[in-house]
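As provided, work.cif (mmCIF, C-alpha atoms) reads as follows.
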```
data_target
loop_
_atom_site.label_atom_id
_atom_site.label_comp_id
_atom_site.auth_asym_id
_atom_site.auth_seq_id
_atom_site.Cartn_x
_atom_site.Cartn_y
_atom_site.Cartn_z
CA MET A 1 -255.21 168.99 -235.21
CA CYS A 2 -254.49 172.70 -235.54
CA ASP A 3 -252.04 175.23 -236.93
CA SER A 4 -251.18 178.59 -235.33
CA VAL A 5 -248.88 181.33 -236.63
CA VAL A 6 -247.56 184.63 -235.36
CA VAL A 7 -245.43 187.32 -236.98
CA VAL A 8 -243.52 189.81 -234.83
CA PRO A 9 -242.03 192.32 -237.31
CA GLU A 10 -239.18 194.66 -236.47
CA LYS A 11 -241.67 197.52 -236.85
CA GLY A 12 -245.43 197.61 -236.88
CA PRO A 13 -248.17 195.50 -235.35
CA VAL A 14 -247.95 191.84 -234.39
CA TRP A 15 -250.10 189.42 -236.41
CA PHE A 16 -251.72 186.23 -235.13
CA ALA A 17 -253.68 183.58 -237.07
CA LYS A 18 -255.00 180.10 -236.47
CA ASN A 19 -256.91 177.22 -238.01
CA SER A 20 -258.77 175.13 -235.45
CA ASP A 21 -258.98 171.51 -236.63
CA ARG A 22 -261.37 169.16 -234.88
CA GLU A 23 -264.02 166.54 -235.67
CA PRO A 24 -266.04 167.36 -238.81
CA SER A 25 -269.46 167.50 -237.14
CA GLU A 26 -268.28 169.51 -234.14
CA ALA A 27 -269.82 172.93 -234.68
CA GLN A 28 -267.56 175.75 -233.55
CA PHE A 29 -269.15 179.11 -232.86
CA PHE A 30 -267.46 182.50 -233.00
CA GLU A 31 -268.82 184.57 -230.13
CA CYS A 32 -268.34 187.76 -228.15
CA HIS A 33 -268.44 187.31 -224.36
CA ASP A 34 -268.22 189.68 -221.45
CA GLY A 35 -265.26 189.32 -219.11
CA SER A 36 -266.68 186.78 -216.70
CA VAL A 37 -265.82 183.12 -216.09
CA ALA A 38 -268.64 182.64 -213.61
CA GLY A 39 -271.65 180.37 -214.00
CA VAL A 40 -270.93 177.52 -216.38
CA ALA A 41 -267.14 177.52 -216.03
CA PRO A 42 -265.74 174.11 -214.97
CA GLU A 43 -265.64 173.83 -211.20
CA GLY A 44 -262.21 174.45 -209.71
CA LEU A 45 -260.98 177.04 -212.19
CA PRO A 46 -260.02 180.36 -210.59
CA ALA A 47 -262.89 182.81 -210.27
CA ALA A 48 -261.98 185.84 -212.32
CA SER A 49 -263.53 188.63 -214.33
CA SER A 50 -262.51 191.75 -216.20
CA ASP A 51 -264.03 194.71 -217.97
CA ALA A 52 -262.77 193.47 -221.33
CA ARG A 53 -264.90 191.62 -223.83
CA LEU A 54 -263.60 188.47 -225.47
CA LEU A 55 -263.90 187.14 -229.00
CA LEU A 56 -263.83 183.35 -228.69
CA SER A 57 -263.99 180.49 -231.16
CA ARG A 58 -265.52 177.74 -229.06
CA PRO A 59 -266.58 174.16 -229.82
CA ALA A 60 -270.32 174.05 -229.14
CA TRP A 61 -270.10 171.48 -226.32
CA MET A 62 -267.14 173.05 -224.52
CA TRP A 63 -266.70 176.00 -222.13
CA GLY A 64 -263.08 176.48 -223.14
CA ALA A 65 -262.02 178.08 -226.42
CA GLU A 66 -259.77 176.96 -229.25
CA MET A 67 -258.61 180.53 -229.85
CA GLY A 68 -259.52 184.06 -228.92
CA VAL A 69 -258.66 187.73 -228.64
CA ASN A 70 -259.58 190.12 -225.84
CA GLU A 71 -260.16 193.87 -225.96
CA TYR A 72 -256.75 194.45 -224.36
CA GLY A 73 -255.21 192.98 -227.52
CA VAL A 74 -254.07 189.60 -226.15
CA ALA A 75 -254.52 186.70 -228.57
CA ILE A 76 -254.02 183.01 -227.70
CA GLY A 77 -254.29 179.84 -229.76
CA ASN A 78 -254.17 176.29 -228.43
CA GLU A 79 -252.72 173.10 -229.97
CA ALA A 80 -253.00 169.45 -229.01
CA VAL A 81 -249.57 167.92 -228.38
CA PHE A 82 -248.71 164.31 -227.63
CA THR A 83 -246.19 163.51 -224.91
CA ARG A 84 -244.71 160.58 -223.03
CA LEU A 85 -246.61 161.52 -219.88
CA PRO A 86 -250.09 160.04 -219.35
CA VAL A 87 -253.15 162.27 -219.63
CA PRO A 88 -255.59 161.53 -216.76
CA LYS A 89 -259.25 160.68 -217.35
CA SER A 90 -260.35 163.80 -215.49
CA GLY A 91 -259.01 167.32 -215.35
CA TYR A 92 -259.03 170.49 -217.42
CA SER A 93 -258.28 171.11 -221.06
CA GLY A 94 -255.80 173.59 -222.44
CA MET A 95 -258.87 175.33 -223.91
CA ASP A 96 -260.13 175.93 -220.35
CA PHE A 97 -256.77 177.40 -219.30
CA GLN A 98 -256.72 179.56 -222.38
CA ARG A 99 -260.13 181.11 -221.73
CA VAL A 100 -259.15 181.97 -218.17
CA ALA A 101 -256.01 183.72 -219.43
CA LEU A 102 -257.95 185.65 -222.09
CA THR A 103 -260.43 186.75 -219.43
CA THR A 104 -257.90 188.02 -216.92
CA CYS A 105 -254.76 189.15 -218.75
CA ARG A 106 -253.82 192.50 -220.29
CA THR A 107 -250.50 191.47 -221.90
CA ALA A 108 -248.89 188.41 -223.44
CA ASP A 109 -246.42 188.30 -220.54
CA ASP A 110 -249.32 188.25 -218.07
CA ALA A 111 -251.00 185.47 -220.07
CA LEU A 112 -247.81 183.40 -220.01
CA GLU A 113 -247.62 183.71 -216.22
CA GLN A 114 -251.29 182.75 -215.90
CA LEU A 115 -250.85 179.68 -218.09
CA ILE A 116 -247.74 178.61 -216.16
CA GLU A 117 -249.62 178.90 -212.88
CA LEU A 118 -252.60 176.89 -214.16
CA THR A 119 -250.36 174.24 -215.74
CA GLU A 120 -248.39 173.67 -212.54
CA ARG A 121 -251.35 173.79 -210.14
CA LEU A 122 -254.14 172.02 -212.04
CA THR A 123 -254.29 168.74 -213.96
CA GLN A 124 -254.64 168.57 -217.71
CA GLY A 125 -257.05 165.76 -218.46
CA GLY A 126 -260.55 164.59 -219.29
CA GLY A 127 -262.29 164.04 -222.61
CA MET A 128 -261.21 166.60 -225.18
CA ALA A 129 -263.08 165.42 -228.27
CA HIS A 130 -266.74 165.65 -229.19
CA MET A 131 -267.58 162.10 -230.28
CA HIS A 132 -264.38 160.27 -229.35
CA ARG A 133 -264.48 161.25 -225.70
CA SER A 134 -261.52 159.08 -224.73
CA PHE A 135 -259.22 161.24 -226.88
CA ARG A 136 -256.94 163.24 -224.56
CA TYR A 137 -253.79 165.30 -224.98
CA HIS A 138 -251.58 167.98 -223.48
CA SER A 139 -251.46 171.49 -224.90
CA SER A 140 -249.18 174.05 -226.43
CA PHE A 141 -250.04 177.71 -226.90
CA LEU A 142 -249.16 180.66 -229.06
CA ILE A 143 -249.58 183.87 -227.03
CA ALA A 144 -249.32 187.37 -228.51
CA ASP A 145 -250.04 191.04 -227.95
CA ALA A 146 -249.07 194.22 -229.81
CA ALA A 147 -245.42 193.99 -228.74
CA THR A 148 -244.61 190.44 -227.65
CA ALA A 149 -245.27 186.80 -228.51
CA TRP A 150 -244.49 183.50 -226.79
CA VAL A 151 -244.60 179.81 -227.63
CA PHE A 152 -245.60 177.91 -224.48
CA GLU A 153 -245.52 174.10 -224.55
CA THR A 154 -246.58 171.64 -221.86
CA ALA A 155 -246.20 168.00 -220.93
CA GLY A 156 -248.42 167.47 -217.90
CA GLN A 157 -247.27 169.98 -215.29
CA TYR A 158 -243.92 170.49 -217.03
CA TRP A 159 -243.40 173.26 -219.56
CA ALA A 160 -241.03 175.32 -221.67
CA ALA A 161 -241.47 178.83 -223.08
CA LYS A 162 -239.75 180.62 -225.94
CA ARG A 163 -240.03 184.27 -226.90
CA VAL A 164 -240.88 184.79 -230.58
CA ARG A 165 -238.73 186.92 -232.83
CA GLY A 166 -239.96 187.16 -236.40
CA VAL A 167 -242.17 184.28 -237.58
CA ALA A 168 -243.26 181.36 -235.41
CA THR A 169 -245.55 178.50 -236.35
CA ILE A 170 -246.78 175.67 -234.15
CA SER A 171 -248.80 172.56 -234.84
CA ASN A 172 -249.52 169.28 -233.05
CA ALA A 173 -246.05 168.52 -231.72
CA LEU A 174 -243.62 170.00 -229.22
CA THR A 175 -241.06 172.27 -230.90
CA ILE A 176 -238.95 173.86 -228.15
CA GLU A 177 -235.63 172.05 -227.77
CA ASP A 178 -232.71 173.69 -225.93
CA ASP A 179 -233.67 177.13 -227.27
CA PHE A 180 -236.14 177.88 -224.48
CA ASP A 181 -236.07 181.19 -222.63
CA ARG A 182 -237.77 179.66 -219.59
CA VAL A 183 -238.40 176.08 -218.48
CA HIS A 184 -239.97 174.24 -215.53
CA SER A 185 -237.35 173.90 -212.81
CA ASP A 186 -237.81 170.12 -212.55
CA ALA A 187 -238.19 169.30 -216.25
CA TYR A 188 -234.61 168.14 -216.69
CA LYS A 189 -234.68 166.08 -213.47
CA LEU A 190 -237.81 164.20 -214.56
CA ALA A 191 -236.38 163.54 -218.03
CA ARG A 192 -233.14 162.24 -216.51
CA ASP A 193 -234.95 160.05 -213.98
CA ARG A 194 -237.09 158.52 -216.75
CA GLY A 195 -234.01 157.84 -218.87
CA TRP A 196 -235.06 160.25 -221.63
CA VAL A 197 -231.82 162.26 -221.38
CA LYS A 198 -228.35 161.43 -220.09
CA SER A 199 -226.97 164.80 -219.06
CA LYS A 200 -228.07 168.39 -218.61
CA GLY A 201 -225.99 169.42 -221.58
CA ASP A 202 -228.03 167.06 -223.76
CA PHE A 203 -231.43 168.19 -222.43
CA ARG A 204 -233.90 169.22 -225.12
CA PHE A 205 -237.48 169.68 -224.00
CA ALA A 206 -239.27 168.49 -227.14
CA SER A 207 -236.97 165.54 -227.73
CA ALA A 208 -237.26 164.42 -224.12
CA PHE A 209 -241.04 164.74 -223.67
CA SER A 210 -242.54 164.09 -227.13
CA ASP A 211 -244.41 160.92 -228.06
CA PRO A 212 -242.62 160.37 -231.39
CA ALA A 213 -245.23 158.05 -232.91
CA MET A 214 -248.23 160.31 -232.26
CA SER A 215 -246.33 163.41 -233.31
CA LEU A 216 -245.48 161.70 -236.60
CA LEU A 217 -249.07 160.53 -237.20
CA ALA A 218 -250.33 164.07 -236.59
CA GLY A 219 -248.30 165.35 -239.56
CA ALA A 220 -247.21 168.35 -237.51
CA ARG A 221 -243.76 168.80 -239.04
CA ILE A 222 -245.16 168.91 -242.57
CA ARG A 223 -247.92 171.37 -241.68
CA ARG A 224 -245.47 173.65 -239.84
CA ALA A 225 -243.32 173.63 -242.97
CA CYS A 226 -246.35 174.71 -245.02
CA THR A 227 -247.25 177.68 -242.83
CA GLY A 228 -243.62 178.67 -242.38
CA ARG A 229 -243.05 178.59 -246.13
CA SER A 230 -246.15 180.72 -246.76
CA LEU A 231 -244.93 183.43 -244.38
CA SER A 232 -241.22 183.35 -245.11
CA GLY A 233 -239.95 186.66 -246.38
CA VAL A 234 -243.04 188.60 -245.32
CA ARG A 235 -241.86 191.99 -244.07
CA GLU A 236 -245.06 194.03 -243.86
CA PRO A 237 -247.83 191.47 -243.24
CA GLN A 238 -251.31 191.89 -244.63
CA PRO A 239 -254.43 189.75 -244.06
CA ARG A 240 -254.01 188.06 -247.45
CA ASP A 241 -250.64 186.64 -246.34
CA PHE A 242 -252.39 184.73 -243.59
CA ILE A 243 -255.21 183.56 -245.82
CA LEU A 244 -252.52 182.07 -248.06
CA ALA A 245 -251.05 180.22 -245.06
CA LEU A 246 -254.37 179.04 -243.62
CA THR A 247 -255.85 177.82 -246.92
CA ASP A 248 -252.76 175.90 -248.05
CA HIS A 249 -253.53 172.31 -249.10
CA GLY A 250 -249.86 171.41 -249.24
CA ALA A 251 -249.87 170.52 -252.96
CA ARG A 252 -252.44 167.79 -252.28
CA GLU A 253 -256.04 167.33 -253.25
CA PRO A 254 -258.25 168.14 -250.23
CA VAL A 255 -259.72 164.62 -250.10
CA THR A 256 -256.45 162.68 -250.43
CA GLY A 257 -253.64 161.65 -248.09
CA LEU A 258 -253.20 159.21 -245.22
CA ARG A 259 -252.42 161.91 -242.66
CA SER A 260 -253.44 165.51 -242.07
CA GLU A 261 -250.53 167.18 -243.85
CA SER A 262 -252.01 170.53 -244.87
CA PRO A 263 -253.00 173.57 -242.78
CA CYS A 264 -256.42 173.67 -244.50
CA ALA A 265 -257.71 170.30 -243.35
CA HIS A 266 -260.65 168.22 -244.57
CA ALA A 267 -261.65 165.09 -242.68
CA SER A 268 -261.95 161.59 -244.09
CA TRP A 269 -262.75 158.06 -242.92
CA LEU A 270 -259.05 157.29 -242.38
CA PRO A 271 -258.27 156.92 -238.64
CA THR A 272 -255.55 159.58 -238.81
CA ARG A 273 -257.97 162.12 -240.34
CA THR A 274 -261.33 161.60 -238.63
CA SER A 275 -260.51 164.42 -236.17
CA ALA A 276 -258.69 166.60 -238.68
CA GLN A 277 -261.02 169.15 -240.21
CA THR A 278 -260.58 172.90 -240.05
CA THR A 279 -263.72 174.00 -238.19
CA SER A 280 -262.89 177.68 -237.60
CA SER A 281 -260.24 180.24 -238.61
CA ILE A 282 -259.12 183.62 -237.33
CA ILE A 283 -256.70 186.42 -238.26
CA ALA A 284 -255.84 189.22 -235.80
CA ARG A 285 -253.83 192.41 -236.20
CA LEU A 286 -252.57 193.36 -232.76
CA ASP A 287 -251.80 197.07 -232.71
CA ALA A 288 -251.12 199.36 -229.74
CA SER A 289 -254.33 201.23 -230.59
CA GLY A 290 -256.36 198.02 -230.30
CA PRO A 291 -256.88 194.67 -232.04
CA THR A 292 -258.53 194.17 -235.42
CA VAL A 293 -259.98 190.70 -235.99
CA TRP A 294 -261.33 188.80 -238.97
CA ALA A 295 -262.96 185.37 -238.63
CA THR A 296 -264.70 182.84 -240.83
CA GLY A 297 -267.11 181.47 -238.22
CA THR A 298 -267.17 178.36 -240.43
CA SER A 299 -265.21 175.31 -241.45
CA SER A 300 -262.98 175.12 -244.57
CA PRO A 301 -261.37 178.57 -244.96
CA CYS A 302 -260.60 177.69 -248.59
CA LEU A 303 -264.35 177.98 -249.28
CA SER A 304 -265.21 180.66 -246.75
CA VAL A 305 -264.73 184.39 -246.09
CA PHE A 306 -262.83 186.15 -243.30
CA LYS A 307 -265.23 188.83 -242.07
CA PRO A 308 -264.61 191.78 -239.72
CA ALA A 309 -265.26 190.61 -236.15
CA PRO A 310 -265.92 193.49 -233.74
CA PHE A 311 -266.36 193.10 -229.99
CA ASP A 312 -270.13 193.16 -230.40
CA PRO A 313 -272.22 190.59 -228.49
CA GLU A 314 -275.33 191.46 -230.51
CA LEU A 315 -273.64 190.60 -233.80
CA LEU A 316 -271.72 187.61 -232.37
CA PRO A 317 -273.92 186.33 -229.55
CA ALA A 318 -272.88 183.67 -227.07
CA ARG A 319 -274.63 180.32 -227.51
CA PRO A 320 -275.49 177.82 -224.80
CA ILE A 321 -273.02 175.05 -224.10
CA ALA A 322 -274.73 172.07 -225.73
CA ASP A 323 -274.14 168.90 -227.70
CA ALA A 324 -274.99 170.79 -230.88
CA ARG A 325 -277.11 169.42 -233.68
CA PHE A 326 -277.74 170.78 -237.13
CA ASP A 327 -279.43 174.18 -237.09
CA ALA A 328 -280.18 175.68 -240.49
CA ARG A 329 -280.23 179.19 -238.99
CA GLU A 330 -276.55 178.99 -238.03
CA LEU A 331 -273.91 180.14 -240.51
CA TRP A 332 -271.58 177.33 -239.36
CA TRP A 333 -274.05 174.60 -240.33
CA ALA A 334 -275.16 176.27 -243.56
CA HIS A 335 -271.57 176.55 -244.69
CA GLU A 336 -270.85 172.97 -243.68
CA ARG A 337 -273.48 171.80 -246.16
CA LEU A 338 -271.64 173.78 -248.86
CA HIS A 339 -268.31 172.33 -247.75
CA ARG A 340 -269.49 168.73 -247.92
CA ALA A 341 -271.08 169.30 -251.32
CA CYS A 342 -267.79 170.69 -252.64
CA LEU A 343 -265.79 167.73 -251.35
CA ALA A 344 -267.72 165.53 -253.78
CA GLU A 345 -266.22 167.46 -256.74
CA TYR A 346 -263.90 170.00 -255.16
CA HIS A 347 -262.40 172.02 -258.00
CA ALA A 348 -265.36 172.05 -260.37
CA ARG A 349 -267.87 172.99 -257.69
CA ARG A 350 -265.63 175.55 -255.97
CA VAL A 351 -265.03 177.45 -259.18
CA THR A 352 -268.77 178.11 -259.61
CA PHE A 353 -268.62 180.78 -256.89
CA ALA A 354 -264.87 181.49 -256.60
CA GLU A 355 -264.96 184.94 -258.21
CA ASP A 356 -267.86 186.09 -256.07
CA ARG A 357 -266.14 184.81 -252.96
CA GLU A 358 -262.92 186.66 -253.81
CA ARG A 359 -264.79 189.94 -254.39
CA PHE A 360 -266.62 189.46 -251.11
CA GLN A 361 -263.30 188.83 -249.34
CA ASP A 362 -261.79 192.00 -250.81
CA ASP A 363 -264.77 194.00 -249.57
CA CYS A 364 -264.31 192.61 -246.06
CA PHE A 365 -260.73 193.90 -245.92
CA GLN A 366 -261.65 197.44 -246.96
CA PRO A 367 -261.24 200.14 -244.28
CA GLY A 368 -264.61 200.78 -242.70
CA ALA A 369 -266.17 197.54 -243.93
CA ASP A 370 -269.60 197.01 -242.40
CA ALA A 371 -269.22 193.98 -240.14
CA LYS A 372 -272.94 193.44 -239.56
CA GLN A 373 -273.65 193.54 -243.27
CA ALA A 374 -270.76 191.18 -244.02
CA TRP A 375 -272.00 188.50 -241.61
CA ARG A 376 -275.56 188.82 -242.92
CA ASP A 377 -274.42 188.72 -246.54
CA HIS A 378 -272.26 185.66 -246.00
CA ARG A 379 -275.23 183.71 -244.70
CA VAL A 380 -277.20 184.61 -247.84
CA CYS A 381 -274.25 183.89 -250.15
CA VAL A 382 -273.73 180.40 -248.74
CA GLU A 383 -277.20 179.35 -249.89
CA ASP A 384 -276.60 180.81 -253.35
CA TRP A 385 -273.16 179.17 -253.64
CA LEU A 386 -274.55 175.79 -252.57
CA GLY A 387 -277.21 176.04 -255.26
CA ARG A 388 -274.56 176.75 -257.89
CA ALA A 389 -272.21 174.05 -256.67
CA VAL A 390 -274.69 171.20 -256.81
CA GLN A 391 -275.52 172.02 -260.42
CA VAL A 392 -272.14 170.44 -261.24
CA LYS A 393 -272.45 166.68 -261.41
CA ALA A 394 -270.25 164.91 -258.91
CA SER A 395 -268.04 162.01 -259.86
CA HIS A 396 -268.35 158.63 -258.16
CA THR A 397 -267.57 158.85 -254.44
CA PRO A 398 -265.77 155.83 -252.90
CA LEU A 399 -267.91 153.66 -250.63
CA LEU A 400 -265.95 154.29 -247.42
CA THR A 401 -266.07 158.04 -248.00
CA ARG A 402 -269.84 157.95 -248.55
CA ARG A 403 -270.34 155.92 -245.39
CA PHE A 404 -268.14 158.29 -243.35
CA TRP A 405 -270.05 161.42 -244.33
CA ALA A 406 -273.43 159.68 -244.04
CA LYS A 407 -272.54 158.76 -240.44
CA GLN A 408 -271.55 162.37 -239.73
CA SER A 409 -274.86 163.62 -241.06
CA ARG A 410 -276.90 161.10 -239.06
CA ALA A 411 -275.05 162.01 -235.86
CA THR A 412 -276.17 165.62 -236.14
CA SER A 413 -279.49 165.29 -238.01
CA MET A 414 -277.96 167.18 -240.90
CA PRO A 415 -279.77 166.94 -244.26
CA ALA A 416 -277.86 165.10 -246.96
#
```
Now that the file is in, can you turn its structure into structure tokens?
Amino acid sequence: MCDSVVVVPEKGPVWFAKNSDREPSEAQFFECHDGSVAGVAPEGLPAASSDARLLLSRPAWMWGAEMGVNEYGVAIGNEAVFTRLPVPKSGYSGMDFQRVALTTCRTADDALEQLIELTERLTQGGGMAHMHRSFRYHSSFLIADAATAWVFETAGQYWAAKRVRGVATISNALTIEDDFDRVHSDAYKLARDRGWVKSKGDFRFASAFSDPAMSLLAGARIRRACTGRSLSGVREPQPRDFILALTDHGAREPVTGLRSESPCAHASWLPTRTSAQTTSSIIARLDASGPTVWATGTSSPCLSVFKPAPFDPELLPARPIADARFDARELWWAHERLHRACLAEYHARRVTFAEDRERFQDDCFQPGADAKQAWRDHRVCVEDWLGRAVQVKASHTPLLTRRFWAKQSRATSMPA
């Protein structure tokens, strides 16, 4: 489960932001890569390279990326969507397509064309989850640069695209109805032949191709309403506007609810929430002079800090593609210990370091903020904040919740 937002103001830069929601023990690393897809790229993807570096937020076991920005100023975020068309047991993920587009494309329009070509020519399929490898889906994308943004939604090889004007938010359901700017030439014919639409005048892409049950279980409509509400009326966006959207719990307690209904997601033992935890977050200002990026590099943005993220492979090194286990040296894992401790007594434990975290966040948004220092300091702060948090006695945790998190820790050799 994920949430992506873009704001295209009448004047000024375009803004892009995303929460990547996946399984709670699926480490997601924020990395800087050179412009090559050679080597470990899945076989069959187009060979391509560029001179531009990429900032990618990538699940540890996957080549593809959940979201990213390249030095040309193109940003793309990917969403799982559930359609009436089957997803084959083998193929490529939308995250694979997305990384290819970020590697090769200089504009949002170029990236749209690249994604259309890959969608029509290659098969979306294969395992797309870390532990639940049978979990498969199609993809939608939010594509942006300093002047333009697109929503691009797929159902197998079929697709629709809509140019963004103002604010657009997407989540885990198709959204483009008859308001598309472009659509696959055979999309209506397939929908008519399958009995999903009666006439061309009635054709609506999302209504025709969506799996209504899965889209409902994903809570996508409610989460889109949250992010849309957070950004409504914003005329001159600032990073704090996007933090408000990405850390919204939707008037719920983080540990409650049957479905994932808030942009800031925290997993639970419930079947509809076991793959719904925010594992990485990003905010990007896309200006003609070049992109400016802030990233958490952690789960739970409500407990984390968005730090300056330069195109610096020494600061943000690429990790091997591996079935990651707990590594105390990694910021992602250190923060995840803090996150899980806070879930046991969310408000009382969070408040022990809230003021320090807010001051740290303000410092990170200052012009000229030292990115290297910020990433180093965050790693130190996490240990201090964890020590403070656990001084607050936790209330009784329900048995099923304890068992769920114990299983997550065992699966990754993470200390309790």
Answer as a VMD selection string, residues within 12 Å of (-244.0, 166.5, -214.8) using only C-alpha atoms: chain A and resid 83 to 87 119 to 124 138 154 to 160 183 to 194 205 208 to 209
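Picked out by the PyMOL selection byres ((chain A and resi 313) around 10) when it runs on this file: A:Glu31, A:Cys32, A:His33, A:Asp34, A:Arg53, A:Leu54, A:Leu55, A:Pro310, A:Phe311, A:Asp312, A:Glu314, A:Leu315, A:Leu316, A:Pro317, A:Ala318.
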Selection: 7 Å around Phe82 (chain A), only C-alpha atoms, excl. self and same-chain fewer than 2 positions, as a PyMOL selection string: chain A and resi 80+137-138+173+210-211+214-215
Which residues are near region 242-256 of chain A? Cut-off 8 Å, only C-alpha atoms, ignore same chain within fewer than 4 positions. Put them as a PDB file with C-alpha atoms, in the coordinates of the input.
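The file below, result_35.pdb, is the result:
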```pdb
ATOM      1  CA  ALA A  17    -253.680 183.580-237.070  1.00  0.00           C
ATOM      2  CA  LYS A  18    -255.000 180.100-236.470  1.00  0.00           C
ATOM      3  CA  ASN A  19    -256.910 177.220-238.010  1.00  0.00           C
ATOM      4  CA  ARG A 223    -247.920 171.370-241.680  1.00  0.00           C
ATOM      5  CA  CYS A 226    -246.350 174.710-245.020  1.00  0.00           C
ATOM      6  CA  THR A 227    -247.250 177.680-242.830  1.00  0.00           C
ATOM      7  CA  SER A 230    -246.150 180.720-246.760  1.00  0.00           C
ATOM      8  CA  LEU A 231    -244.930 183.430-244.380  1.00  0.00           C
ATOM      9  CA  GLN A 238    -251.310 191.890-244.630  1.00  0.00           C
ATOM     10  CA  GLU A 261    -250.530 167.180-243.850  1.00  0.00           C
ATOM     11  CA  SER A 262    -252.010 170.530-244.870  1.00  0.00           C
ATOM     12  CA  PRO A 263    -253.000 173.570-242.780  1.00  0.00           C
ATOM     13  CA  CYS A 264    -256.420 173.670-244.500  1.00  0.00           C
ATOM     14  CA  ALA A 265    -257.710 170.300-243.350  1.00  0.00           C
ATOM     15  CA  HIS A 266    -260.650 168.220-244.570  1.00  0.00           C
ATOM     16  CA  ALA A 267    -261.650 165.090-242.680  1.00  0.00           C
ATOM     17  CA  SER A 268    -261.950 161.590-244.090  1.00  0.00           C
ATOM     18  CA  SER A 281    -260.240 180.240-238.610  1.00  0.00           C
ATOM     19  CA  ILE A 283    -256.700 186.420-238.260  1.00  0.00           C
ATOM     20  CA  SER A 300    -262.980 175.120-244.570  1.00  0.00           C
ATOM     21  CA  PRO A 301    -261.370 178.570-244.960  1.00  0.00           C
ATOM     22  CA  CYS A 302    -260.600 177.690-248.590  1.00  0.00           C
ATOM     23  CA  LEU A 343    -265.790 167.730-251.350  1.00  0.00           C
ATOM     24  CA  TYR A 346    -263.900 170.000-255.160  1.00  0.00           C
TER      25      TYR A 346
END
```
Can you list, as a PDB file with C-alpha atoms, in the coordinates of the input, the residues that the PyMOL selection byres ((chain A and resi 163-169) around 8) selects here?
```
ATOM      1  CA  ASP A   3    -252.040 175.230-236.930  1.00  0.00           C
ATOM      2  CA  SER A   4    -251.180 178.590-235.330  1.00  0.00           C
ATOM      3  CA  VAL A   5    -248.880 181.330-236.630  1.00  0.00           C
ATOM      4  CA  VAL A   6    -247.560 184.630-235.360  1.00  0.00           C
ATOM      5  CA  VAL A   7    -245.430 187.320-236.980  1.00  0.00           C
ATOM      6  CA  VAL A   8    -243.520 189.810-234.830  1.00  0.00           C
ATOM      7  CA  PRO A   9    -242.030 192.320-237.310  1.00  0.00           C
ATOM      8  CA  GLU A  10    -239.180 194.660-236.470  1.00  0.00           C
ATOM      9  CA  THR A 148    -244.610 190.440-227.650  1.00  0.00           C
ATOM     10  CA  ALA A 149    -245.270 186.800-228.510  1.00  0.00           C
ATOM     11  CA  TRP A 150    -244.490 183.500-226.790  1.00  0.00           C
ATOM     12  CA  VAL A 151    -244.600 179.810-227.630  1.00  0.00           C
ATOM     13  CA  ALA A 161    -241.470 178.830-223.080  1.00  0.00           C
ATOM     14  CA  LYS A 162    -239.750 180.620-225.940  1.00  0.00           C
ATOM     15  CA  ILE A 170    -246.780 175.670-234.150  1.00  0.00           C
ATOM     16  CA  SER A 171    -248.800 172.560-234.840  1.00  0.00           C
ATOM     17  CA  PHE A 180    -236.140 177.880-224.480  1.00  0.00           C
ATOM     18  CA  ASP A 181    -236.070 181.190-222.630  1.00  0.00           C
ATOM     19  CA  ARG A 224    -245.470 173.650-239.840  1.00  0.00           C
ATOM     20  CA  THR A 227    -247.250 177.680-242.830  1.00  0.00           C
ATOM     21  CA  GLY A 228    -243.620 178.670-242.380  1.00  0.00           C
ATOM     22  CA  LEU A 231    -244.930 183.430-244.380  1.00  0.00           C
ATOM     23  CA  SER A 232    -241.220 183.350-245.110  1.00  0.00           C
TER      24      SER A 232
END
```
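Ranking A:Asp362, A:Glu153, A:Asp179, A:Glu71 by their shortest atom-to-atom distance to Cys105 (chain A), with all atoms listed in the file included, puts A:Glu71 first.
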Pairwise distance for CA of Phe141 (chain A) and CA of Gly219 (chain A), rounded to one decimal in Å: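 Here the two named atoms are 17.8 Å from each other.
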Option closest in space to Ala348 (chain A), from A:Ala389, A:Leu331, A:Cys381, A:Ala416 [counting only C-alpha atoms]: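 When distances to Ala348 (chain A) are compared using only C-alpha atoms, the smallest one comes from A:Ala389.
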Specify as a short mmCIF file (atom, residue, chain, number, x, y, z; two decimals) with C-alpha atoms, keeping the file's coordinate frame each residue included when the PyMOL selection byres ((chain A and resi 368-374) around 10) is applied to this file.
```cif
data_model
loop_
_atom_site.label_atom_id
_atom_site.label_comp_id
_atom_site.auth_asym_id
_atom_site.auth_seq_id
_atom_site.Cartn_x
_atom_site.Cartn_y
_atom_site.Cartn_z
CA TRP A 294 -261.33 188.80 -238.97
CA VAL A 305 -264.73 184.39 -246.09
CA PHE A 306 -262.83 186.15 -243.30
CA LYS A 307 -265.23 188.83 -242.07
CA PRO A 308 -264.61 191.78 -239.72
CA ALA A 309 -265.26 190.61 -236.15
CA PRO A 310 -265.92 193.49 -233.74
CA ASP A 312 -270.13 193.16 -230.40
CA GLU A 314 -275.33 191.46 -230.51
CA LEU A 315 -273.64 190.60 -233.80
CA LEU A 316 -271.72 187.61 -232.37
CA PHE A 360 -266.62 189.46 -251.11
CA GLN A 361 -263.30 188.83 -249.34
CA ASP A 362 -261.79 192.00 -250.81
CA ASP A 363 -264.77 194.00 -249.57
CA CYS A 364 -264.31 192.61 -246.06
CA PHE A 365 -260.73 193.90 -245.92
CA GLN A 366 -261.65 197.44 -246.96
CA PRO A 367 -261.24 200.14 -244.28
CA TRP A 375 -272.00 188.50 -241.61
CA ARG A 376 -275.56 188.82 -242.92
CA ASP A 377 -274.42 188.72 -246.54
CA HIS A 378 -272.26 185.66 -246.00
CA ARG A 379 -275.23 183.71 -244.70
CA VAL A 380 -277.20 184.61 -247.84
#
```
